[in-house]
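A.B. asks: File structure-v9.tsv follows (TSV, C-alpha atoms and all ligand atoms):
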chain	number	residue	atom	x	y	z
J	207	MET	CA	-7.30	-16.62	-18.02
J	208	SER	CA	-6.36	-17.31	-14.46
J	209	ASP	CA	-5.93	-20.93	-13.44
J	210	PRO	CA	-9.17	-22.14	-11.77
J	211	LYS	CA	-7.16	-24.64	-9.71
J	212	GLN	CA	-5.87	-21.66	-7.77
J	213	VAL	CA	-9.35	-20.53	-6.73
J	214	VAL	CA	-9.41	-21.02	-3.02
J	215	THR	CA	-12.65	-22.77	-2.10
J	216	ALA	CA	-14.61	-23.34	1.06
J	217	ALA	CA	-12.84	-26.63	1.78
J	218	ARG	CA	-10.54	-25.29	4.44
J	219	ALA	CA	-7.73	-27.80	4.28
J	220	GLN	CA	-5.34	-24.84	4.53
J	221	PHE	CA	-5.05	-21.69	6.54
J	222	ILE	CA	-6.74	-18.84	4.65
J	223	PRO	CA	-4.42	-15.84	4.56
J	224	TYR	CA	-5.81	-12.28	4.73
J	225	GLY	CA	-4.38	-11.67	1.27
J	226	ARG	CA	-2.40	-13.53	-1.33
J	227	GLN	CA	-1.09	-13.34	-4.88
J	228	TRP	CA	-2.58	-14.99	-7.95
J	229	ILE	CA	0.02	-16.27	-10.41
J	230	ASP	CA	-1.01	-17.92	-13.68
J	231	GLU	CA	0.75	-19.55	-16.63
J	232	GLU	CA	1.02	-16.20	-18.49
J	233	ASP	CA	2.93	-14.74	-15.56
J	234	ILE	CA	5.27	-17.72	-15.46
J	235	THR	CA	5.93	-17.58	-19.22
J	236	ALA	CA	6.64	-13.83	-19.02
J	237	VAL	CA	9.23	-14.38	-16.28
J	238	VAL	CA	10.87	-17.34	-18.02
J	239	ASP	CA	11.18	-15.31	-21.24
J	240	VAL	CA	13.21	-12.69	-19.39
J	241	LEU	CA	15.41	-15.37	-17.82
J	242	LYS	CA	16.33	-16.49	-21.34
J	243	SER	CA	17.04	-12.92	-22.52
J	244	ASP	CA	20.12	-10.66	-22.33
J	245	TRP	CA	18.84	-8.35	-19.62
J	246	LEU	CA	17.97	-9.58	-16.16
J	247	THR	CA	17.96	-6.11	-14.60
J	248	THR	CA	17.35	-2.54	-15.88
J	249	GLY	CA	16.61	-3.78	-19.38
J	250	PRO	CA	13.66	-3.22	-21.71
J	251	LYS	CA	11.04	-4.62	-19.30
J	252	VAL	CA	11.57	-1.84	-16.75
J	253	ALA	CA	10.72	0.87	-19.28
J	254	GLU	CA	7.86	-1.19	-20.72
J	255	PHE	CA	6.36	-1.71	-17.27
J	256	GLU	CA	6.79	1.94	-16.34
J	257	GLN	CA	4.97	3.05	-19.50
J	258	ALA	CA	2.13	0.58	-18.99
J	259	PHE	CA	1.79	1.62	-15.35
J	260	ALA	CA	1.74	5.32	-16.23
J	261	GLN	CA	-0.96	4.61	-18.78
J	262	ALA	CA	-3.00	2.48	-16.34
J	263	THR	CA	-2.96	5.23	-13.70
J	264	GLY	CA	-3.18	8.19	-16.06
J	265	ALA	CA	0.06	9.62	-14.64
J	266	ALA	CA	2.61	11.36	-16.85
J	267	HIS	CA	5.57	9.39	-15.43
J	268	ALA	CA	6.03	6.14	-13.51
J	269	VAL	CA	9.38	5.07	-12.05
J	270	ALA	CA	9.78	1.49	-10.83
J	271	LEU	CA	11.95	0.66	-7.80
J	272	SER	CA	12.81	-2.36	-5.66
J	273	SER	CA	9.94	-1.93	-3.15
J	274	GLY	CA	7.14	0.32	-1.98
J	275	THR	CA	9.44	1.38	0.86
J	276	ALA	CA	12.11	2.41	-1.67
J	277	ALA	CA	9.37	4.32	-3.56
J	278	LEU	CA	8.47	6.25	-0.41
J	279	HIS	CA	12.13	6.88	0.47
J	280	ALA	CA	12.87	8.11	-3.05
J	281	SER	CA	9.85	10.43	-2.83
J	282	MET	CA	11.17	11.97	0.39
J	283	ALA	CA	14.61	12.33	-1.21
J	284	VAL	CA	13.39	14.17	-4.33
J	285	LEU	CA	11.42	16.54	-2.11
J	286	GLY	CA	14.71	17.29	-0.35
J	287	ILE	CA	13.47	16.17	3.08
J	288	GLY	CA	16.37	16.30	5.52
J	289	PRO	CA	17.33	16.95	9.15
J	290	GLY	CA	15.14	19.61	10.73
J	291	ASP	CA	12.24	18.98	8.36
J	292	GLU	CA	8.89	17.68	9.52
J	293	VAL	CA	6.57	15.51	7.45
J	294	ILE	CA	3.01	14.80	8.54
J	295	VAL	CA	1.95	11.15	8.19
J	296	PRO	CA	-1.14	9.37	9.52
J	297	SER	CA	-0.52	7.02	12.43
J	298	MET	CA	-2.86	4.37	11.01
J	299	THR	CA	-0.43	2.94	8.44
J	300	PHE	CA	2.40	0.50	7.95
J	301	ALA	CA	5.64	1.65	9.62
J	302	ALA	CA	7.39	2.17	6.26
J	303	THR	CA	5.35	5.32	5.58
J	304	ALA	CA	6.92	7.08	8.57
J	305	ASN	CA	10.28	5.30	8.31
J	306	SER	CA	10.85	6.85	4.87
J	307	VAL	CA	10.91	10.28	6.51
J	308	VAL	CA	13.41	9.07	9.14
J	309	PHE	CA	15.68	7.54	6.43
J	310	GLN	CA	16.22	11.10	5.21
J	311	GLY	CA	16.88	12.45	8.71
J	312	GLY	CA	13.45	14.11	8.89
J	313	THR	CA	10.89	13.98	11.68
J	314	PRO	CA	7.49	12.36	11.14
J	315	ARG	CA	4.57	14.03	12.91
J	316	PHE	CA	1.61	11.72	13.38
J	317	ALA	CA	-1.85	12.84	12.31
J	318	ASP	CA	-4.99	11.16	13.59
J	319	VAL	CA	-7.63	9.54	11.39
J	320	ASP	CA	-11.36	9.74	10.78
J	321	PRO	CA	-13.15	7.28	13.12
J	322	ASP	CA	-15.47	6.04	10.37
J	323	THR	CA	-13.01	5.41	7.49
J	324	LEU	CA	-9.63	5.48	9.31
J	325	LEU	CA	-8.40	7.79	6.53
J	326	VAL	CA	-6.23	10.71	7.59
J	327	ASP	CA	-8.26	13.53	9.15
J	328	PRO	CA	-7.46	16.81	7.31
J	329	GLY	CA	-8.21	18.80	10.48
J	330	SER	CA	-5.62	16.80	12.40
J	331	VAL	CA	-3.10	17.38	9.58
J	332	GLU	CA	-3.59	21.14	9.62
J	333	ALA	CA	-3.23	21.29	13.40
J	334	LEU	CA	0.27	19.73	13.15
J	335	ILE	CA	1.69	22.24	10.68
J	336	THR	CA	4.66	24.25	11.98
J	337	PRO	CA	7.28	26.41	10.22
J	338	LEU	CA	9.35	23.20	9.90
J	339	THR	CA	6.67	21.23	7.98
J	340	LYS	CA	7.68	20.36	4.41
J	341	ALA	CA	5.22	17.71	3.25
J	342	ILE	CA	2.06	15.75	3.97
J	343	VAL	CA	1.83	12.02	3.24
J	344	ALA	CA	-1.72	10.71	2.75
J	345	VAL	CA	-2.28	6.96	3.07
J	346	ASP	CA	-5.14	5.38	1.12
J	347	TYR	CA	-5.84	3.03	3.99
J	348	ALA	CA	-7.43	-0.31	3.00
J	349	GLY	CA	-7.64	0.85	-0.65
J	350	GLN	CA	-9.83	3.93	-0.34
J	351	PRO	CA	-8.43	7.30	-1.47
J	352	CYS	CA	-8.24	10.05	1.15
J	353	ASP	CA	-10.00	13.41	0.78
J	354	TYR	CA	-7.40	14.80	-1.65
J	355	ASP	CA	-9.24	18.07	-2.35
J	356	ALA	CA	-9.13	18.93	1.35
J	357	LEU	CA	-5.48	17.84	1.65
J	358	ARG	CA	-4.47	19.74	-1.49
J	359	ALA	CA	-6.10	22.91	-0.16
J	360	ILE	CA	-4.13	22.59	3.10
J	361	ALA	CA	-0.87	21.82	1.25
J	362	ASP	CA	-1.34	24.82	-1.05
J	363	ARG	CA	-2.27	27.16	1.80
J	364	HIS	CA	1.00	26.29	3.60
J	365	GLY	CA	3.28	25.70	0.60
J	366	LEU	CA	3.74	21.96	1.30
J	367	ALA	CA	4.26	18.99	-0.99
J	368	LEU	CA	1.51	16.35	-1.03
J	369	VAL	CA	2.61	12.71	-1.28
J	370	ALA	CA	0.24	9.74	-1.56
J	371	ASP	CA	1.09	6.36	-0.09
J	372	ALA	CA	-1.13	4.41	-2.50
J	373	CYS	CA	0.33	1.01	-1.62
J	374	HIS	CA	-3.29	-0.15	-1.00
J	375	SER	CA	-5.20	1.78	-3.63
J	376	LEU	CA	-3.98	0.87	-7.12
J	377	GLY	CA	-7.20	0.75	-9.17
J	378	ALA	CA	-9.16	3.11	-6.89
J	379	THR	CA	-10.46	6.57	-7.84
J	380	TYR	CA	-11.31	9.85	-6.09
J	381	LYS	CA	-13.94	12.03	-7.80
J	382	GLY	CA	-13.30	10.03	-10.96
J	383	ARG	CA	-9.51	10.60	-10.86
J	384	PRO	CA	-7.31	7.50	-10.44
J	385	ALA	CA	-4.86	6.84	-7.62
J	386	GLY	CA	-1.51	7.86	-9.04
J	387	THR	CA	-2.71	11.32	-10.14
J	388	LEU	CA	-4.02	12.69	-6.83
J	389	ALA	CA	-0.78	13.97	-5.25
J	390	ASP	CA	2.59	15.43	-6.31
J	391	LEU	CA	4.24	12.03	-5.88
J	392	THR	CA	2.43	8.71	-5.40
J	393	ALA	CA	4.06	5.53	-4.09
J	394	PHE	CA	2.81	2.01	-4.89
J	395	SER	CA	3.92	-1.43	-3.68
J	396	LEU	CA	4.16	-4.72	-5.58
J	397	HIS	CA	4.45	-6.99	-2.53
J	398	PRO	CA	2.49	-10.28	-2.97
J	399	VAL	CA	-0.47	-9.20	-0.81
J	400	LYS	CA	-0.89	-5.90	-2.70
J	401	PRO	CA	-3.27	-5.30	-5.68
J	402	ILE	CA	-0.73	-6.70	-8.17
J	403	THR	CA	2.68	-8.21	-7.45
J	404	ALA	CA	6.20	-8.46	-8.84
J	405	GLY	CA	7.44	-10.54	-5.87
J	406	GLU	CA	8.86	-7.32	-4.46
J	407	GLY	CA	8.76	-3.93	-6.11
J	408	GLY	CA	7.32	-0.45	-6.05
J	409	LEU	CA	6.61	2.57	-8.23
J	410	VAL	CA	6.35	6.32	-7.95
J	411	THR	CA	4.07	8.25	-10.29
J	412	THR	CA	4.41	11.99	-10.86
J	413	GLU	CA	3.49	14.66	-13.37
J	414	ARG	CA	6.95	16.27	-13.20
J	415	GLU	CA	9.60	15.07	-15.62
J	416	ALA	CA	12.45	16.47	-13.48
J	417	TRP	CA	11.23	14.48	-10.48
J	418	ALA	CA	10.95	11.31	-12.58
J	419	ALA	CA	14.59	11.79	-13.63
J	420	ALA	CA	15.64	12.42	-10.00
J	421	LEU	CA	13.80	9.24	-8.89
J	422	ARG	CA	15.63	7.22	-11.56
J	423	ARG	CA	18.98	8.59	-10.38
J	424	PHE	CA	18.10	7.91	-6.74
J	425	ARG	CA	17.38	4.23	-7.48
J	426	ASN	CA	20.78	3.88	-9.18
J	427	HIS	CA	23.35	5.40	-6.73
J	428	GLY	CA	22.77	8.96	-7.98
J	429	ILE	CA	24.37	8.08	-11.33
J	430	THR	CA	23.00	9.91	-14.36
J	431	THR	CA	22.86	6.95	-16.77
J	432	ASP	CA	22.25	3.23	-16.41
J	433	LEU	CA	24.40	0.48	-17.94
J	434	ARG	CA	22.00	-0.16	-20.83
J	435	GLU	CA	21.88	3.54	-21.76
J	436	ARG	CA	25.68	3.68	-21.78
J	437	GLN	CA	25.86	0.53	-23.87
J	438	ALA	CA	23.34	1.95	-26.37
J	439	LYS	CA	25.37	5.18	-26.65
J	440	GLY	CA	28.70	3.35	-26.82
J	441	VAL	CA	30.11	5.22	-23.81
J	442	TRP	CA	31.70	3.79	-20.66
J	443	GLU	CA	32.14	6.82	-18.44
J	444	TYR	CA	29.51	7.81	-15.89
J	445	ASP	CA	28.91	10.56	-13.37
J	446	MET	CA	27.43	10.33	-9.89
J	447	VAL	CA	25.81	13.69	-9.17
J	448	SER	CA	23.91	13.03	-5.94
J	449	LEU	CA	23.78	10.34	-3.25
J	450	GLY	CA	21.57	7.43	-4.23
J	451	TYR	CA	21.00	3.79	-3.39
J	452	ASN	CA	20.72	0.50	-5.20
J	453	TYR	CA	16.92	0.53	-5.33
J	454	ARG	CA	16.75	-0.98	-8.82
J	455	ILE	CA	14.01	-3.40	-9.80
J	456	THR	CA	14.88	-6.32	-12.10
J	457	ASP	CA	13.54	-7.06	-15.57
J	458	ILE	CA	12.39	-10.39	-14.14
J	459	GLN	CA	10.14	-8.55	-11.69
J	460	CYS	CA	8.91	-6.05	-14.27
J	461	ALA	CA	7.86	-8.86	-16.64
J	462	LEU	CA	5.74	-10.26	-13.82
J	463	GLY	CA	4.41	-6.80	-12.99
J	464	LEU	CA	3.42	-6.21	-16.64
J	465	SER	CA	1.62	-9.52	-16.85
J	466	GLN	CA	-0.18	-8.83	-13.56
J	467	LEU	CA	-1.14	-5.27	-14.54
J	468	ALA	CA	-3.28	-6.66	-17.36
J	469	LYS	CA	-5.46	-8.35	-14.73
J	470	LEU	CA	-5.80	-5.39	-12.37
J	471	SER	CA	-9.25	-4.10	-13.29
J	472	GLY	CA	-10.81	-7.57	-13.18
J	473	TRP	CA	-9.23	-8.21	-9.80
J	474	VAL	CA	-10.40	-4.89	-8.35
J	475	SER	CA	-13.96	-5.70	-9.51
J	476	ARG	CA	-13.68	-9.11	-7.89
J	477	ARG	CA	-12.47	-7.57	-4.63
J	478	ARG	CA	-15.47	-5.22	-4.68
J	479	GLU	CA	-17.85	-8.15	-5.25
J	480	LEU	CA	-16.38	-10.09	-2.36
J	481	ALA	CA	-16.52	-7.00	-0.12
J	482	GLY	CA	-20.20	-6.66	-1.09
J	483	ARG	CA	-20.76	-10.26	0.03
J	484	TYR	CA	-19.17	-9.57	3.40
J	485	ASP	CA	-21.19	-6.35	3.77
J	486	ALA	CA	-24.42	-8.21	3.06
J	487	ALA	CA	-23.53	-11.01	5.49
J	488	PHE	CA	-22.67	-8.56	8.30
J	489	ARG	CA	-25.88	-6.56	7.94
J	490	GLY	CA	-27.39	-9.22	10.22
J	491	VAL	CA	-24.48	-9.17	12.70
J	492	PRO	CA	-24.63	-5.95	14.75
J	493	ALA	CA	-21.39	-6.77	16.60
J	494	VAL	CA	-19.47	-6.42	13.30
J	495	VAL	CA	-19.29	-2.94	11.77
J	496	PRO	CA	-17.56	-2.61	8.38
J	497	LEU	CA	-15.50	0.57	8.05
J	498	GLY	CA	-17.19	3.56	6.40
J	499	ARG	CA	-16.96	4.23	2.66
J	500	SER	CA	-16.21	7.61	1.19
J	501	PRO	CA	-18.97	8.77	-1.19
J	502	GLN	CA	-16.30	10.57	-3.27
J	503	ALA	CA	-14.17	7.52	-3.94
J	504	THR	CA	-14.24	4.05	-5.42
J	505	HIS	CA	-12.54	1.51	-3.19
J	506	ALA	CA	-9.85	-0.95	-4.33
J	507	PHE	CA	-10.36	-3.15	-1.21
J	508	HIS	CA	-6.78	-4.14	-0.60
J	509	LEU	CA	-8.11	-4.89	2.89
J	510	TYR	CA	-11.58	-5.66	4.19
J	511	VAL	CA	-11.60	-4.15	7.66
J	512	VAL	CA	-14.38	-4.26	10.24
J	513	ARG	CA	-14.69	-2.88	13.73
J	514	VAL	CA	-15.68	-5.17	16.55
J	515	PRO	CA	-16.64	-2.79	19.37
J	516	GLY	CA	-16.52	-3.90	22.97
J	517	ALA	CA	-13.85	-6.28	24.17
J	518	GLU	CA	-14.50	-9.00	21.59
J	519	ARG	CA	-11.83	-8.29	18.96
J	520	ASN	CA	-8.99	-10.33	20.45
J	521	HIS	CA	-11.28	-13.24	21.22
J	522	LEU	CA	-12.65	-13.18	17.67
J	523	LEU	CA	-9.17	-12.87	16.14
J	524	ASP	CA	-7.87	-15.87	18.11
J	525	ALA	CA	-10.99	-17.97	17.48
J	526	LEU	CA	-10.85	-17.27	13.74
J	527	ARG	CA	-7.20	-18.21	13.57
J	528	GLU	CA	-7.96	-21.46	15.42
J	529	ARG	CA	-10.52	-22.11	12.67
J	530	ALA	CA	-7.91	-21.53	9.92
J	531	VAL	CA	-9.23	-18.04	9.06
J	532	GLY	CA	-6.20	-15.76	8.85
J	533	ALA	CA	-7.79	-12.66	10.33
J	534	ASN	CA	-5.27	-9.92	11.06
J	535	VAL	CA	-4.94	-6.36	12.40
J	536	HIS	CA	-3.93	-3.44	10.16
J	537	TYR	CA	-2.35	-1.62	11.82
J	538	ARG	CA	-0.81	-1.09	15.17
J	539	PRO	CA	-0.66	2.73	14.91
J	540	VAL	CA	2.92	3.73	14.16
J	541	HIS	CA	3.15	6.26	17.00
J	542	LEU	CA	2.65	3.39	19.49
J	543	HIS	CA	5.74	1.49	18.35
J	544	THR	CA	8.73	1.39	20.71
J	545	TYR	CA	11.08	2.96	18.17
J	546	TYR	CA	8.90	6.06	17.72
J	547	ARG	CA	8.18	6.36	21.43
J	548	GLU	CA	11.89	6.17	22.30
J	549	ARG	CA	13.34	8.16	19.44
J	550	PHE	CA	10.62	10.78	18.87
J	551	GLY	CA	8.84	10.77	22.23
J	552	THR	CA	5.41	9.94	20.85
J	553	ALA	CA	2.66	9.21	23.39
J	554	PRO	CA	-0.39	6.94	22.89
J	555	SER	CA	-2.72	9.92	23.38
J	556	ASP	CA	-1.15	11.76	20.41
J	557	CYS	CA	-3.68	10.10	18.09
J	558	PRO	CA	-6.64	9.02	20.22
J	559	VAL	CA	-8.84	7.88	17.32
J	560	ALA	CA	-6.15	5.60	15.88
J	561	GLN	CA	-5.30	4.33	19.37
J	562	ALA	CA	-8.95	3.42	20.08
J	563	ALA	CA	-9.42	1.87	16.63
J	564	TYR	CA	-6.43	-0.39	17.20
J	565	ASN	CA	-8.38	-2.33	19.84
J	566	GLU	CA	-11.40	-2.86	17.59
J	567	ILE	CA	-10.23	-3.39	14.00
J	568	LEU	CA	-10.05	-6.74	12.31
J	569	THR	CA	-8.97	-7.54	8.74
J	570	LEU	CA	-10.78	-10.48	7.15
J	571	PRO	CA	-9.38	-12.50	4.22
J	572	LEU	CA	-9.97	-10.84	0.84
J	573	PHE	CA	-8.12	-11.63	-2.37
J	574	PRO	CA	-9.32	-12.09	-5.96
J	575	ALA	CA	-8.82	-15.85	-6.06
J	576	MET	CA	-11.20	-16.32	-3.13
J	577	SER	CA	-14.47	-18.05	-4.06
J	578	ASP	CA	-17.92	-16.72	-3.12
J	579	ASP	CA	-18.40	-19.79	-0.95
J	580	LEU	CA	-15.22	-19.14	0.95
J	581	ALA	CA	-16.23	-15.52	1.68
J	582	SER	CA	-19.65	-16.73	2.87
J	583	SER	CA	-18.04	-19.37	5.02
J	584	VAL	CA	-15.67	-16.83	6.62
J	585	ALA	CA	-18.63	-14.54	7.37
J	586	THR	CA	-20.58	-17.45	8.86
J	587	THR	CA	-17.61	-18.42	11.02
J	588	VAL	CA	-17.38	-14.83	12.33
J	589	ALA	CA	-21.09	-14.83	13.21
J	590	GLU	CA	-20.87	-18.26	14.86
J	591	VAL	CA	-17.89	-17.34	17.02
J	592	LEU	CA	-19.62	-14.16	18.20
J	593	SER	CA	-22.95	-15.84	18.95
J	594	ALA	CA	-21.27	-18.70	20.84
J	595	ARG	CA	-19.48	-16.09	22.92
J	596	THR	CA	-22.70	-14.16	23.62
J	597	SER	CA	-24.56	-17.30	24.73
J	598	THR	CA	-21.74	-18.51	27.02
J	599	SER	CA	-21.36	-15.11	28.65
J	600	LEU	CA	-25.10	-14.95	29.50
V	1	LIG	C1	3.10	-2.45	1.78
V	1	LIG	C2	3.13	-1.05	2.23
V	1	LIG	C3	4.30	-0.28	2.20
V	1	LIG	C4	5.65	-0.85	1.85
V	1	LIG	O1	5.68	-1.51	0.65
V	1	LIG	P1	6.82	-2.63	0.40
V	1	LIG	O2	6.69	-2.90	-1.06
V	1	LIG	O3	6.46	-3.81	1.25
V	1	LIG	O4	8.13	-2.04	0.77
V	1	LIG	C5	4.21	1.05	2.55
V	1	LIG	N1	3.06	1.61	2.95
V	1	LIG	C6	1.92	0.88	3.04
V	1	LIG	C7	0.67	1.56	3.49
V	1	LIG	C8	1.93	-0.46	2.71
V	1	LIG	O5	0.81	-1.19	2.83
Kindly return the structure encoded in the file as structure tokens.

C.D. replies:
Amino acid sequence: MSDPKQVVTAARAQFIPYGRQWIDEEDITAVVDVLKSDWLTTGPKVAEFEQAFAQATGAAHAVALSSGTAALHASMAVLGIGPGDEVIVPSMTFAATANSVVFQGGTPRFADVDPDTLLVDPGSVEALITPLTKAIVAVDYAGQPCDYDALRAIADRHGLALVADACHSLGATYKGRPAGTLADLTAFSLHPVKPITAGEGGLVTTEREAWAAALRRFRNHGITTDLRERQAKGVWEYDMVSLGYNYRITDIQCALGLSQLAKLSGWVSRRRELAGRYDAAFRGVPAVVPLGRSPQATHAFHLYVVRVPGAERNHLLDALRERAVGANVHYRPVHLHTYYRERFGTAPSDCPVAQAAYNEILTLPLFPAMSDDLASSVATTVAEVLSARTSTSL
């Protein structure tokens, strides 16, 4: 059981972050056990974690790497993305989604999103396809799977690979199918704010054995065997067959990931409960509009995002932070960042829906260790700030 002392209550002695990890004694014991063992990195815990993760997501193969960013980069590499290739990514995401294309020398093309859910708009994706397009990356923004049937149909029609950035959506489903099985390659993150954590870490799931092998080589310099495999076989020689990186994850991290994975479904349920509390509280606050929910999906609620139309978002964000509520904005659309404007010539009007959403979205604190009272108190604070503002502006 998780340590009740870690439940964050309504007594706001501390700043409430928008998300945070939950570490218990089982997690600590699991990590300490590895520290006392022979293998600190690429030992038995990596394989054990990969198998458990594949089972949890229903995927044939899971490959663990040093971060979600490494998982995305490795996915682009096994697809053979390189200079001259275009990959379509939604603009409403964390920069790493697009950066992974650039790491390989490819060009990201930014698709716009649905105004209600902020999930990638399949129509916008199709409009960006050119003879240079090689892949589509879907991002399960906030924890809600995209419309994968529509994206798959587009990918198949144009002969493109479909990649899922599921860094938010571990534990979510689309038409009853779990995140991890909805695309050709699916990337997950184990950063502390994500659904489960290993400190840092990431995974790629895939149905293809050859891709799983290529991902494992990519995380280890392009070398065909790891040290433990060579030791088991009694051989010392190795061969590097392609260019790879050191994107290995440690056994220490995988022990933590394994211990956390056991808690995933309870935590996702808890996130849904807390989101339901916020929804109920905001039904009486017309200035706060929770993002839309897809009827085809179950939501993992990595983030609880609302829209605050009008010019109130920045005021609300600042006022909440003054009151120790760590509200945040996810995300500044990637096509608006200086790097992409300078290097790829993106313009704000490229993705008008994402651009407009950026001025209105607000992420409120949501993490499994949050108490009901704390969620209610955050919702009350939001309503109070907005009503004080309305009365002073009259
Ligand atoms: C967190 C995140 C990443 C990167 O994951 P890291 O583990 O931090 O490298 C990529 N894409 C999205 C959408 C994310 O939220």

A.B. asks: From the set J:Ala258, J:Gly377, J:Met298, J:Val588, which residue has the shortest atom-to-atom contact distance to J:Tyr564, counting all atoms listed in the file?

C.D. replies: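 Nearest candidate to J:Tyr564 out of J:Ala258, J:Gly377, J:Met298, J:Val588: J:Met298.
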
A.B. asks: Tell me which of J:Val295, J:Val331, J:Val237, J:Leu357 sits closest to ligand LIG 1 (chain V), counting all atoms listed in the file.

C.D. replies: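 Going through J:Val295, J:Val331, J:Val237, J:Leu357 one by one, the smallest distance to ligand LIG 1 (chain V) is for J:Val295.
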
A.B. asks: Got a sec to check which residues sit within 6 Å of (3.1, -3.4, -16.4), counting only C-alpha atoms, and write them as a list in words?

C.D. replies: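 Residues lying no farther than 6 Å from the given point: Phe255, Ala258, Phe259, Gly463, Leu464 and Leu467 of chain J.
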
A.B. asks: Could you please extract the residues within 7 Å of ligand LIG 1 (chain V), counting only C-alpha atoms and all ligand atoms, and hand them back as a ChimeraX atom specification?

C.D. replies: /J:273-276,299-300,302-303,345,347,371-374,395-397,400,406-408

A.B. asks: With all atoms listed in the file as the atoms that count, which of J:Thr313, J:Ser281, J:Ser297, J:Thr569 lies nearest to J:Asp556?

C.D. replies: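 For J:Asp556, the nearest of the given residues is J:Ser297.
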
A.B. asks: Name the closest residue to J:Gly311 among the candidates J:Gly290, J:Leu542, J:Val326, J:Tyr380; distances are taken between atoms, counting only C-alpha atoms.

C.D. replies: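 Looking at the shortest contact to J:Gly311, the residue is J:Gly290.
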
A.B. asks: Determine, using all atoms listed in the file, which residues of stretch 266-379 of chain J have any atom at most 12 Å from an atom of stretch 438-459 of chain J, and tabulate each with its shortest atom pair and distance in Å to one decimal place, rows ordered by chain and then rising number, as CSV.

C.D. replies:
residue,atom,partner,partner_atom,distance
J:Val269,CA,J:Ile455,CA,9.9
J:Ala270,CA,J:Ile455,CA,6.5
J:Leu271,CA,J:Ile455,CA,5.0
J:Ser272,CA,J:Ile455,CA,4.4
J:Ser273,CA,J:Tyr453,CA,7.7
J:Gly274,CA,J:Tyr453,CA,10.3
J:Thr275,CA,J:Tyr453,CA,9.7
J:Ala276,CA,J:Tyr453,CA,6.3
J:Ala277,CA,J:Tyr453,CA,8.6
J:Leu278,CA,J:Tyr453,CA,11.3
J:His279,CA,J:Tyr453,CA,9.8
J:Ala280,CA,J:Gly450,CA,8.8
J:Ala283,CA,J:Gly450,CA,9.0
J:Val284,CA,J:Gly450,CA,10.6
J:Gly286,CA,J:Ser448,CA,11.6
J:Phe309,CA,J:Tyr451,CA,11.8
J:Gln310,CA,J:Leu449,CA,11.4

A.B. asks: Considering all atoms listed in the file, state which residue in the set J:His508, J:Arg549, J:Lys469, J:His267 is at the smallest distance from J:Phe573.

C.D. replies: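 Using all atoms listed in the file, the shortest distance to J:Phe573 belongs to J:His508.
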
A.B. asks: Using Å and a single decimal, report how far atom CA of J:Lys381 sits from atom CA of J:Gln502.

C.D. replies: 5.3 Å

A.B. asks: Nearest to J:Asp322: which of J:Leu523, J:Ile234, J:Ala581, J:Ala563 is it, counting only C-alpha atoms?

C.D. replies: J:Ala563

A.B. asks: Report, in Å to a single decimal, how far apart atom CA of J:Gly405 and atom CA of J:Gln466 are.

C.D. replies: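 So the answer is 11.0 Å.
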